[in-house]
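Raw contents of start-v4.csv, CSV, C-alpha atoms:
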```csv
chain,number,residue,atom,x,y,z
Y,1,MET,CA,100.0,81.1,125.3
Y,2,LEU,CA,96.7,81.4,123.4
Y,3,ASN,CA,97.8,84.9,122.4
Y,4,TYR,CA,100.7,83.5,120.5
Y,5,ILE,CA,98.7,80.8,118.8
Y,6,GLY,CA,96.1,83.4,117.7
Y,7,ALA,CA,98.8,85.7,116.4
Y,8,ALA,CA,100.4,82.9,114.4
Y,9,ILE,CA,97.0,81.9,112.9
Y,10,ILE,CA,96.3,85.5,111.9
Y,11,MET,CA,99.7,85.9,110.3
Y,12,ALA,CA,99.4,82.6,108.4
Y,13,ALA,CA,95.9,83.2,107.0
Y,14,ALA,CA,96.7,86.8,106.0
Y,15,VAL,CA,100.0,85.9,104.3
Y,16,ILE,CA,98.5,83.1,102.3
Y,17,GLY,CA,95.8,85.4,100.9
Y,18,VAL,CA,98.2,88.2,100.1
Y,19,GLY,CA,100.6,85.9,98.5
Y,20,PHE,CA,98.0,84.6,96.1
Y,21,GLY,CA,96.7,88.1,95.4
Y,22,MET,CA,100.1,89.6,94.6
Y,23,CYS,CA,100.9,86.6,92.5
Y,24,PHE,CA,97.8,87.1,90.4
Y,25,ALA,CA,98.5,90.8,90.0
Y,26,THR,CA,102.1,90.3,89.0
Y,27,SER,CA,101.2,87.6,86.4
Y,28,LYS,CA,98.6,89.8,84.9
Y,29,ALA,CA,101.1,92.7,84.8
Y,30,ILE,CA,103.6,90.5,83.0
Y,31,ASP,CA,101.0,89.5,80.5
Y,32,ALA,CA,100.0,93.1,79.9
Y,33,SER,CA,103.6,94.4,79.5
Y,34,ALA,CA,104.4,91.5,77.2
Y,35,ARG,CA,101.4,92.4,75.0
Y,36,GLN,CA,102.2,96.2,75.1
Y,37,PRO,CA,105.9,96.8,76.0
Y,38,GLU,CA,105.6,100.5,75.4
Y,39,ALA,CA,103.1,100.8,78.2
Y,40,SER,CA,105.2,98.9,80.7
Y,41,SER,CA,106.1,102.0,82.8
Y,42,LYS,CA,102.5,102.8,83.3
Y,43,ILE,CA,101.7,99.2,84.1
Y,44,GLN,CA,104.5,99.1,86.6
Y,45,THR,CA,103.1,102.1,88.5
Y,46,ILE,CA,99.6,100.5,88.7
Y,47,LEU,CA,101.2,97.2,89.7
Y,48,LEU,CA,103.1,98.8,92.5
Y,49,LEU,CA,100.0,100.6,93.7
Y,50,GLY,CA,98.0,97.4,93.6
Y,51,CYS,CA,100.7,95.4,95.3
Y,52,ALA,CA,100.8,98.0,98.1
Y,53,LEU,CA,97.1,97.8,98.6
Y,54,ALA,CA,97.2,94.0,98.7
Y,55,GLU,CA,100.2,94.1,101.0
Y,56,SER,CA,98.5,96.4,103.4
Y,57,THR,CA,96.1,93.6,104.5
Y,58,ALA,CA,99.1,91.6,105.5
Y,59,ILE,CA,100.4,94.6,107.3
Y,60,TYR,CA,97.2,95.1,109.2
Y,61,ALA,CA,97.3,91.4,110.2
Y,62,PHE,CA,100.9,91.9,111.3
Y,63,VAL,CA,100.0,94.9,113.5
Y,64,VAL,CA,97.0,93.0,115.0
Y,65,SER,CA,99.1,90.0,115.7
Y,66,LEU,CA,101.8,92.2,117.3
Y,67,ILE,CA,99.1,93.7,119.5
Y,68,LEU,CA,98.0,90.2,120.4
Y,69,ALA,CA,101.5,88.9,121.0
Y,70,THR,CA,102.6,91.9,123.2
Y,71,ALA,CA,99.3,92.1,125.2
Y,72,LYS,CA,99.7,91.3,128.8
M,73,MET,CA,139.7,82.5,127.9
M,74,GLU,CA,138.5,79.0,127.1
M,75,THR,CA,140.5,76.8,124.8
M,76,LYS,CA,137.6,76.6,122.4
M,77,THR,CA,137.7,80.3,121.8
M,78,ILE,CA,141.4,80.3,121.3
M,79,ILE,CA,141.1,77.4,118.7
M,80,GLU,CA,138.4,79.2,116.9
M,81,ALA,CA,140.4,82.4,116.8
M,82,ALA,CA,143.4,80.5,115.6
M,83,VAL,CA,141.4,78.9,112.8
M,84,GLY,CA,140.1,82.2,111.7
M,85,ALA,CA,143.5,83.8,111.8
M,86,VAL,CA,145.1,81.0,109.9
M,87,VAL,CA,142.4,81.0,107.2
M,88,PHE,CA,142.7,84.8,106.9
M,89,ALA,CA,146.5,84.8,106.7
M,90,ALA,CA,146.7,81.9,104.2
M,91,CYS,CA,144.2,83.5,101.9
M,92,LEU,CA,145.9,86.9,102.2
M,93,VAL,CA,149.3,85.4,101.3
M,94,GLY,CA,147.7,83.4,98.4
M,95,PHE,CA,145.8,86.5,97.2
M,96,ILE,CA,149.0,88.7,97.2
M,97,PHE,CA,151.0,85.9,95.5
M,98,THR,CA,148.3,85.4,92.8
M,99,LYS,CA,148.0,89.1,92.2
M,100,GLY,CA,151.7,89.4,91.6
M,101,LYS,CA,151.7,86.5,89.3
M,102,LEU,CA,148.8,87.9,87.3
M,103,LYS,CA,150.6,91.2,87.0
M,104,GLU,CA,153.6,89.5,85.4
M,105,MET,CA,151.6,87.8,82.8
M,106,GLU,CA,150.7,89.6,79.6
M,107,THR,CA,147.5,87.7,78.9
M,108,PRO,CA,145.8,87.0,82.2
M,109,ASP,CA,145.0,83.3,82.8
M,110,PRO,CA,141.2,82.8,83.6
M,111,LYS,CA,142.0,80.0,86.0
M,112,LEU,CA,144.3,82.2,88.0
M,113,LYS,CA,141.7,85.0,88.0
M,114,LYS,CA,139.1,82.6,89.4
M,115,ARG,CA,141.5,81.5,92.1
M,116,LYS,CA,142.2,85.2,93.0
M,117,LYS,CA,138.5,85.8,93.4
M,118,LEU,CA,138.0,82.6,95.5
M,119,LEU,CA,141.0,83.6,97.7
M,120,PHE,CA,139.5,87.1,98.2
M,121,ILE,CA,136.2,85.6,99.3
M,122,GLY,CA,138.1,83.3,101.7
M,123,MET,CA,140.0,86.2,103.1
M,124,VAL,CA,136.8,88.1,103.8
M,125,ILE,CA,135.2,85.1,105.5
M,126,GLY,CA,138.3,84.5,107.6
M,127,ALA,CA,138.4,88.1,108.7
M,128,TRP,CA,134.7,88.1,109.5
M,129,PHE,CA,135.0,84.8,111.6
M,130,LEU,CA,138.1,86.1,113.4
M,131,LEU,CA,136.4,89.4,114.2
M,132,GLY,CA,133.3,87.7,115.4
M,133,VAL,CA,135.2,85.3,117.7
M,134,VAL,CA,137.2,88.2,119.2
M,135,ILE,CA,134.1,90.4,119.8
M,136,THR,CA,132.2,87.5,121.4
M,137,ALA,CA,135.2,86.7,123.6
M,138,PHE,CA,135.6,90.3,124.8
M,139,CYS,CA,131.9,91.3,125.1
M,140,GLY,CA,130.5,88.0,126.1
M,141,ARG,CA,127.4,86.3,125.0
M,142,LYS,CA,124.0,87.1,126.6
M,143,PRO,CA,122.9,84.2,128.8
M,144,GLY,CA,119.7,82.4,127.8
M,145,GLY,CA,120.1,82.5,124.1
M,146,LEU,CA,118.1,84.7,121.8
M,147,HIS,CA,115.6,86.9,123.6
M,148,ILE,CA,114.2,90.1,122.0
M,149,GLU,CA,112.4,92.6,124.2
M,150,PHE,CA,109.8,94.2,122.0
M,151,GLU,CA,107.4,97.0,122.5
M,152,MET,CA,104.6,98.4,120.3
M,153,PHE,CA,105.3,101.9,121.4
M,154,SER,CA,108.8,103.3,121.9
M,155,GLN,CA,110.3,103.8,125.3
M,156,ARG,CA,109.6,107.1,127.1
M,157,ILE,CA,112.2,109.3,128.7
M,158,ALA,CA,111.3,111.6,131.7
M,159,LEU,CA,111.9,115.3,131.3
M,160,PRO,CA,114.1,116.9,133.9
M,161,PHE,CA,111.2,119.1,135.1
M,162,GLY,CA,107.6,118.3,135.8
M,163,SER,CA,106.2,114.8,135.4
M,164,LEU,CA,106.0,114.8,131.6
M,165,THR,CA,107.5,112.0,129.6
M,166,LEU,CA,108.6,112.1,126.0
M,167,ALA,CA,108.8,109.2,123.5
M,168,LYS,CA,112.3,108.5,122.3
M,169,THR,CA,111.0,108.6,118.7
M,170,THR,CA,109.7,112.1,119.2
M,171,VAL,CA,113.2,113.2,120.1
M,172,THR,CA,114.6,111.4,117.1
M,173,ALA,CA,112.0,113.0,114.8
M,174,THR,CA,112.9,116.5,116.2
M,175,VAL,CA,116.6,115.9,115.6
M,176,VAL,CA,115.9,114.7,112.1
M,177,THR,CA,113.7,117.7,111.4
M,178,LEU,CA,116.3,120.1,112.8
M,179,LEU,CA,119.1,118.5,110.7
M,180,LEU,CA,116.9,118.7,107.6
M,181,VAL,CA,116.1,122.4,108.3
M,182,VAL,CA,119.8,123.2,108.8
M,183,MET,CA,120.7,121.4,105.6
M,184,LEU,CA,118.0,123.2,103.6
M,185,ILE,CA,119.1,126.6,105.0
M,186,LEU,CA,122.7,125.8,104.1
M,187,PHE,CA,121.4,124.8,100.6
M,188,ARG,CA,119.5,128.1,100.3
M,189,LEU,CA,122.5,130.2,101.5
M,190,LEU,CA,125.3,128.4,99.7
M,191,CYS,CA,123.9,126.8,96.6
M,192,VAL,CA,120.8,128.8,95.5
M,193,PRO,CA,122.7,132.1,94.9
M,194,LYS,CA,125.0,130.3,92.4
M,195,PHE,CA,122.1,129.1,90.3
M,196,THR,CA,122.1,130.4,86.7
M,197,ASP,CA,119.7,130.5,83.9
M,198,GLY,CA,122.3,129.1,81.6
M,199,GLU,CA,124.0,125.7,81.7
M,200,PRO,CA,123.3,124.2,85.1
M,201,LYS,CA,126.0,122.4,87.0
M,202,GLY,CA,126.6,120.8,90.4
M,203,MET,CA,123.8,121.1,92.9
M,204,GLN,CA,121.5,122.9,90.5
M,205,ASN,CA,121.2,119.7,88.5
M,206,VAL,CA,120.1,117.7,91.6
M,207,ALA,CA,117.6,120.3,92.7
M,208,GLU,CA,116.1,120.6,89.2
M,209,ILE,CA,115.8,116.8,88.8
M,210,VAL,CA,114.0,116.5,92.2
M,211,VAL,CA,111.7,119.4,91.6
M,212,GLU,CA,110.9,118.6,88.0
M,213,PHE,CA,110.3,114.9,88.9
M,214,MET,CA,107.9,115.8,91.6
M,215,ASP,CA,106.1,118.4,89.6
M,216,ASN,CA,105.6,116.0,86.7
M,217,PHE,CA,104.4,113.3,89.2
M,218,VAL,CA,101.9,115.5,90.8
M,219,HIS,CA,100.8,116.9,87.4
M,220,ASN,CA,100.1,113.4,86.1
M,221,ALA,CA,98.3,112.3,89.3
M,222,THR,CA,96.0,115.3,89.8
M,223,GLU,CA,95.6,116.4,86.2
M,224,GLY,CA,97.3,119.7,86.8
M,225,HIS,CA,95.4,120.9,89.8
M,226,PHE,CA,97.2,122.4,92.9
M,227,VAL,CA,100.7,121.4,91.6
M,228,ASP,CA,102.2,124.5,93.3
M,229,LEU,CA,100.7,123.4,96.6
M,230,LEU,CA,101.1,119.7,96.5
M,231,SER,CA,104.6,119.3,94.9
M,232,PRO,CA,106.6,121.0,97.7
M,233,PHE,CA,104.4,119.4,100.4
M,234,MET,CA,105.1,115.9,98.9
M,235,ILE,CA,108.9,116.7,98.6
M,236,GLY,CA,108.9,117.7,102.3
M,237,MET,CA,107.0,114.6,103.3
M,238,ALA,CA,109.5,112.4,101.3
M,239,LEU,CA,112.5,114.2,102.8
M,240,PHE,CA,111.2,113.7,106.3
M,241,MET,CA,110.4,110.0,105.8
M,242,ALA,CA,113.8,109.4,104.2
M,243,GLY,CA,115.5,111.2,107.1
M,244,CYS,CA,113.6,109.0,109.5
M,245,ALA,CA,114.7,105.9,107.6
M,246,CYS,CA,118.3,107.0,107.7
M,247,SER,CA,118.2,107.6,111.5
M,248,GLU,CA,117.6,103.8,111.8
M,249,LEU,CA,121.0,103.3,110.2
M,250,LEU,CA,122.5,105.0,113.2
M,251,GLY,CA,120.9,102.6,115.7
M,252,ALA,CA,117.9,104.8,116.8
M,253,ARG,CA,114.4,103.5,116.4
M,254,ALA,CA,113.0,105.2,113.3
M,255,PRO,CA,110.2,107.7,114.1
M,256,THR,CA,108.2,106.3,111.3
M,257,SER,CA,108.1,103.0,113.2
M,258,ASP,CA,105.9,104.7,115.8
M,259,LEU,CA,102.2,104.7,115.3
M,260,THR,CA,101.8,108.3,116.5
M,261,CYS,CA,104.2,109.7,113.9
M,262,THR,CA,102.7,107.8,111.0
M,263,LEU,CA,99.1,108.7,112.0
M,264,ALA,CA,100.2,112.3,112.1
M,265,LEU,CA,101.5,112.0,108.6
M,266,GLY,CA,98.2,110.4,107.6
M,267,LEU,CA,96.2,113.2,109.2
M,268,CYS,CA,98.2,115.7,107.2
M,269,THR,CA,97.1,113.9,104.0
M,270,PHE,CA,93.5,113.8,105.3
M,271,ALA,CA,93.5,117.6,105.9
M,272,LEU,CA,95.0,118.1,102.5
M,273,ILE,CA,92.4,115.9,100.8
M,274,ASN,CA,89.5,117.9,102.3
M,275,PHE,CA,91.2,121.2,101.7
M,276,CYS,CA,91.8,120.6,98.0
M,277,GLY,CA,88.3,119.1,97.5
M,278,VAL,CA,86.6,122.1,99.2
M,279,ARG,CA,88.9,124.6,97.5
M,280,LYS,CA,88.2,123.3,94.0
M,281,ASN,CA,84.5,122.4,94.2
M,282,GLY,CA,83.2,124.3,97.2
M,283,ILE,CA,81.6,122.7,100.2
M,284,GLY,CA,78.5,121.8,98.3
M,285,GLY,CA,80.5,120.3,95.5
M,286,ARG,CA,82.6,118.3,97.9
M,287,LEU,CA,79.4,116.9,99.5
M,288,LYS,CA,78.0,116.2,96.0
M,289,ASN,CA,81.2,114.5,95.1
M,290,MET,CA,81.0,112.4,98.3
M,291,GLY,CA,77.3,111.6,97.6
M,292,GLY,CA,77.7,110.1,94.2
M,293,ALA,CA,75.7,110.6,91.0
M,294,MET,CA,72.2,110.0,92.2
M,295,PRO,CA,70.7,112.8,94.3
M,296,ALA,CA,68.1,110.6,96.0
M,297,MET,CA,70.9,108.3,97.4
M,298,ARG,CA,73.0,111.2,98.8
M,299,PRO,CA,71.6,111.2,102.4
M,300,ILE,CA,72.6,107.6,102.7
M,301,MET,CA,75.9,107.8,100.7
M,302,ILE,CA,77.4,110.8,102.4
M,303,PRO,CA,77.7,109.2,105.8
M,304,LEU,CA,79.1,106.0,104.3
M,305,LYS,CA,81.6,107.9,102.2
M,306,ALA,CA,82.6,109.9,105.3
M,307,VAL,CA,83.4,106.7,107.2
M,308,SER,CA,85.5,105.5,104.3
M,309,ASP,CA,87.2,108.9,104.2
M,310,ILE,CA,88.0,108.7,107.9
M,311,ALA,CA,89.6,105.2,107.2
M,312,VAL,CA,92.1,106.9,104.8
M,313,PRO,CA,94.5,108.4,107.4
M,314,VAL,CA,94.2,105.2,109.5
M,315,SER,CA,95.1,103.0,106.6
M,316,LEU,CA,97.9,105.2,105.4
M,317,GLY,CA,99.3,105.4,108.9
M,318,CYS,CA,99.0,101.7,109.7
M,319,ARG,CA,100.5,100.8,106.4
M,320,LEU,CA,103.7,102.8,106.9
M,321,PHE,CA,103.9,101.8,110.6
M,322,GLY,CA,103.6,98.1,109.9
M,323,ASN,CA,106.1,98.2,107.1
M,324,MET,CA,108.7,100.1,109.1
M,325,LEU,CA,108.1,98.0,112.2
M,326,GLY,CA,108.6,94.9,110.1
M,327,GLY,CA,111.9,96.1,108.8
M,328,LEU,CA,113.0,97.1,112.3
M,329,MET,CA,112.0,93.7,113.7
M,330,VAL,CA,113.8,91.8,111.0
M,331,MET,CA,117.0,93.8,111.6
M,332,ASP,CA,116.7,93.3,115.4
M,333,LEU,CA,116.3,89.5,114.9
M,334,LEU,CA,119.3,89.4,112.6
M,335,LYS,CA,121.4,91.3,115.1
M,336,GLY,CA,120.2,89.0,117.9
M,337,VAL,CA,120.9,85.8,116.0
M,338,LEU,CA,124.4,86.9,114.8
M,339,GLY,CA,125.5,88.2,118.2
M,340,GLY,CA,129.2,88.9,118.1
M,341,TYR,CA,129.4,87.9,114.5
M,342,ALA,CA,127.2,90.8,113.5
M,343,SER,CA,129.9,92.8,111.7
M,344,GLY,CA,129.3,93.6,108.1
M,345,LEU,CA,126.3,91.4,107.5
M,346,PRO,CA,123.6,93.6,109.1
M,347,ALA,CA,125.0,96.5,107.0
M,348,ILE,CA,124.3,94.6,103.8
M,349,ALA,CA,120.8,93.6,105.0
M,350,GLY,CA,120.3,97.1,106.2
M,351,LEU,CA,120.7,98.4,102.7
M,352,TYR,CA,117.5,96.5,101.8
M,353,PHE,CA,115.5,96.8,105.1
M,354,ASN,CA,116.5,100.3,106.1
M,355,LEU,CA,117.0,102.1,102.7
M,356,PHE,CA,115.3,100.3,99.8
M,357,HIS,CA,112.2,99.2,101.6
M,358,PRO,CA,111.4,102.7,103.2
M,359,GLY,CA,112.1,104.2,99.7
M,360,ILE,CA,109.3,102.0,98.2
M,361,GLN,CA,107.1,102.9,101.2
M,362,ILE,CA,107.7,106.6,100.6
M,363,TYR,CA,106.7,106.2,96.9
M,364,ILE,CA,103.6,104.3,97.8
M,365,PHE,CA,102.6,106.8,100.5
M,366,ILE,CA,102.9,109.7,98.1
M,367,THR,CA,101.2,107.9,95.3
M,368,LEU,CA,98.3,106.9,97.5
M,369,SER,CA,98.0,110.4,98.9
M,370,LEU,CA,97.8,111.8,95.4
M,371,THR,CA,95.3,109.2,94.3
M,372,PHE,CA,93.0,110.1,97.2
M,373,ILE,CA,93.4,113.8,96.6
M,374,ASN,CA,92.6,113.3,92.9
M,375,GLU,CA,89.5,111.4,93.9
M,376,ALA,CA,88.3,114.3,96.0
M,377,LEU,CA,89.1,116.7,93.1
M,378,GLU,CA,86.7,115.0,90.7
M,379,MET,CA,83.9,117.2,89.4
M,380,PRO,CA,80.6,116.2,91.0
M,381,GLU,CA,78.1,114.5,88.7
M,382,THR,CA,75.3,117.0,88.1
M,383,THR,CA,72.5,115.0,86.6
M,384,LYS,CA,71.5,111.4,86.2
M,385,ARG,CA,71.4,111.9,82.5
M,386,GLY,CA,74.9,113.2,82.3
M,387,ALA,CA,76.2,110.2,84.2
M,388,ALA,CA,74.3,107.8,82.0
M,389,ARG,CA,75.6,109.6,78.8
M,390,ARG,CA,79.2,109.4,80.1
M,391,LEU,CA,78.8,105.7,80.9
M,392,SER,CA,77.4,104.9,77.5
M,393,ARG,CA,80.2,106.8,75.8
M,394,LYS,CA,82.7,104.9,77.8
M,395,SER,CA,81.2,101.5,77.0
M,396,ARG,CA,81.0,102.4,73.3
M,397,LYS,CA,84.7,103.3,73.4
M,398,GLY,CA,85.5,100.0,75.1
M,399,GLY,CA,83.5,98.1,72.5
M,400,ALA,CA,85.5,99.9,69.7
M,401,LEU,CA,88.8,99.0,71.4
M,402,SER,CA,88.0,95.4,71.9
```
Write the structure described by the file as structure tokens, please.
Amino acid sequence: MLNYIGAAIIMAAAVIGVGFGMCFATSKAIDASARQPEASSKIQTILLLGCALAESTAIYAFVVSLILATAK
Amino acid sequence: METKTIIEAAVGAVVFAACLVGFIFTKGKLKEMETPDPKLKKRKKLLFIGMVIGAWFLLGVVITAFCGRKPGGLHIEFEMFSQRIALPFGSLTLAKTTVTATVVTLLLVVMLILFRLLCVPKFTDGEPKGMQNVAEIVVEFMDNFVHNATEGHFVDLLSPFMIGMALFMAGCACSELLGARAPTSDLTCTLALGLCTFALINFCGVRKNGIGGRLKNMGGAMPAMRPIMIPLKAVSDIAVPVSLGCRLFGNMLGGLMVMDLLKGVLGGYASGLPAIAGLYFNLFHPGIQIYIFITLSLTFINEALEMPETTKRGAARRLSRKSRKGGALS
């Protein structure tokens, strides 16, 4: 039972942080591409890369919580 | 059969039939008119939607009645690693995803051989048409992508490698559409892909700068700090394949689990809806992951390709130049 509670806490904490991080990144990217629309394709690439890196922390938490939840 | 099932089926059938009749009637009426009435057009659209919903409900009821519902509600058996199947000889076991990956690879190889035999001889230097356009778009896109990412180094080596990687991952994602567990949602497969990238990073770094240059590159600008920095950088380099593998694995596993949950919740009504959700979770999402995997691989390779800083003074000069440029811009 404690396994599941731990997994849930891990997921919740990680997802809150990642949500904030991706939100900041996206808002800055929107600012940048509104300021310089001709650079938007480059900004998009960087944004995607940054979002992937931010997302990966949530993915690690997901994997860890899966390991916790399926542990016998 | 229970009366409840029969009533449900009857309701579905009646809704479907009524909407079908109304749809055909409205369509005929619309055809007769010279200027189509927007009200009738809207009604036609609504009737079509009702028809689809009725058909979906009827199908779900019938499938549930014939196949039965699993007792005990929603229960998903989930395993981190895929199931293993025993070989007919010896005591070896094989993961199911390994078999899927082999099948995917074989299919890709057969398709590429057919492409080489049937399409490549028809290629012309003049106006391209048919498959030549597709091949040129793919190869040109990847060449440009690699050229931009690594500043023109090793394009001939990296571009085909990345195309192969992308094809393999896309094939694995498509195998999920056929009901098999995607090989990329197995940690062993994604770690193997990450190790390929790791080998490529070191190969490219050593090939360009030599072993000493690679070590200098890892050590950073200050020679005095190198004995401390090189082990630290080595640890962070070893983390690269792990992070690449875990990222792909977690993303694919997430998609797989969401689809499993959807199918489990819908039960007999799972006709049509998982196909629409699968477009996102099985095709679009892996596509983004492929893009990210390749971009990150190229970024790491580019990092390893950087020329090592030779002297302290050179680094300081470069830094001051950069700051001056930044000052001018702002």
Interface list for chain Y, partner chain M, 12 Å threshold, all atoms listed in the file, as a ChimeraX atom specification: /Y:42,45-72
Would you save the residues of that selection, restricted to C-alpha atoms, as an mmCIF file, keeping the file's coordinate frame?
```cif
data_model
loop_
_atom_site.group_PDB
_atom_site.id
_atom_site.type_symbol
_atom_site.label_atom_id
_atom_site.label_comp_id
_atom_site.auth_asym_id
_atom_site.auth_seq_id
_atom_site.Cartn_x
_atom_site.Cartn_y
_atom_site.Cartn_z
ATOM 1 C CA LYS Y 42 102.500 102.800 83.300
ATOM 2 C CA THR Y 45 103.100 102.100 88.500
ATOM 3 C CA ILE Y 46 99.600 100.500 88.700
ATOM 4 C CA LEU Y 47 101.200 97.200 89.700
ATOM 5 C CA LEU Y 48 103.100 98.800 92.500
ATOM 6 C CA LEU Y 49 100.000 100.600 93.700
ATOM 7 C CA GLY Y 50 98.000 97.400 93.600
ATOM 8 C CA CYS Y 51 100.700 95.400 95.300
ATOM 9 C CA ALA Y 52 100.800 98.000 98.100
ATOM 10 C CA LEU Y 53 97.100 97.800 98.600
ATOM 11 C CA ALA Y 54 97.200 94.000 98.700
ATOM 12 C CA GLU Y 55 100.200 94.100 101.000
ATOM 13 C CA SER Y 56 98.500 96.400 103.400
ATOM 14 C CA THR Y 57 96.100 93.600 104.500
ATOM 15 C CA ALA Y 58 99.100 91.600 105.500
ATOM 16 C CA ILE Y 59 100.400 94.600 107.300
ATOM 17 C CA TYR Y 60 97.200 95.100 109.200
ATOM 18 C CA ALA Y 61 97.300 91.400 110.200
ATOM 19 C CA PHE Y 62 100.900 91.900 111.300
ATOM 20 C CA VAL Y 63 100.000 94.900 113.500
ATOM 21 C CA VAL Y 64 97.000 93.000 115.000
ATOM 22 C CA SER Y 65 99.100 90.000 115.700
ATOM 23 C CA LEU Y 66 101.800 92.200 117.300
ATOM 24 C CA ILE Y 67 99.100 93.700 119.500
ATOM 25 C CA LEU Y 68 98.000 90.200 120.400
ATOM 26 C CA ALA Y 69 101.500 88.900 121.000
ATOM 27 C CA THR Y 70 102.600 91.900 123.200
ATOM 28 C CA ALA Y 71 99.300 92.100 125.200
ATOM 29 C CA LYS Y 72 99.700 91.300 128.800
#
```
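Computed from the coordinates, the CA of Phe95 (chain M) to CA of Thr136 (chain M) distance equals 27.8 Å.
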Nearest to Glu248 (chain M), chosen from M:Gly327, M:Gly224, M:Gly277, M:Pro303, with only C-alpha atoms counted in the distances: M:Gly327
Gap from CA of Arg286 (chain M) to CA of Glu223 (chain M) - Å, one decimal: 17.6 Å
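Taking CA of Ile125 (chain M) as the reference point, CA of Lys111 (chain M) is found at 21.3 Å.
Excluding Glu80 (chain M) itself and same-chain residues fewer than 3 positions from it, the residues having an atom within 8 Å of it are Lys76, Thr77, Val83, Gly84, Leu130 and Val133 of chain M, counting only C-alpha atoms.
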Neighbour list for Thr256 (chain M) as a PyMOL selection string, cut-off 10 Å, only C-alpha atoms, skip fewer than 6 positions in-chain: chain M and resi 169-170+173+240-245+248+262-263+265+317+320-325+358
Selection near Ala127 (chain M), 9 Å with all atoms listed in the file, sequence-local residues under 4 positions removed, as a PyMOL selection string: chain M and resi 84-85+87-89+122-123+131-132
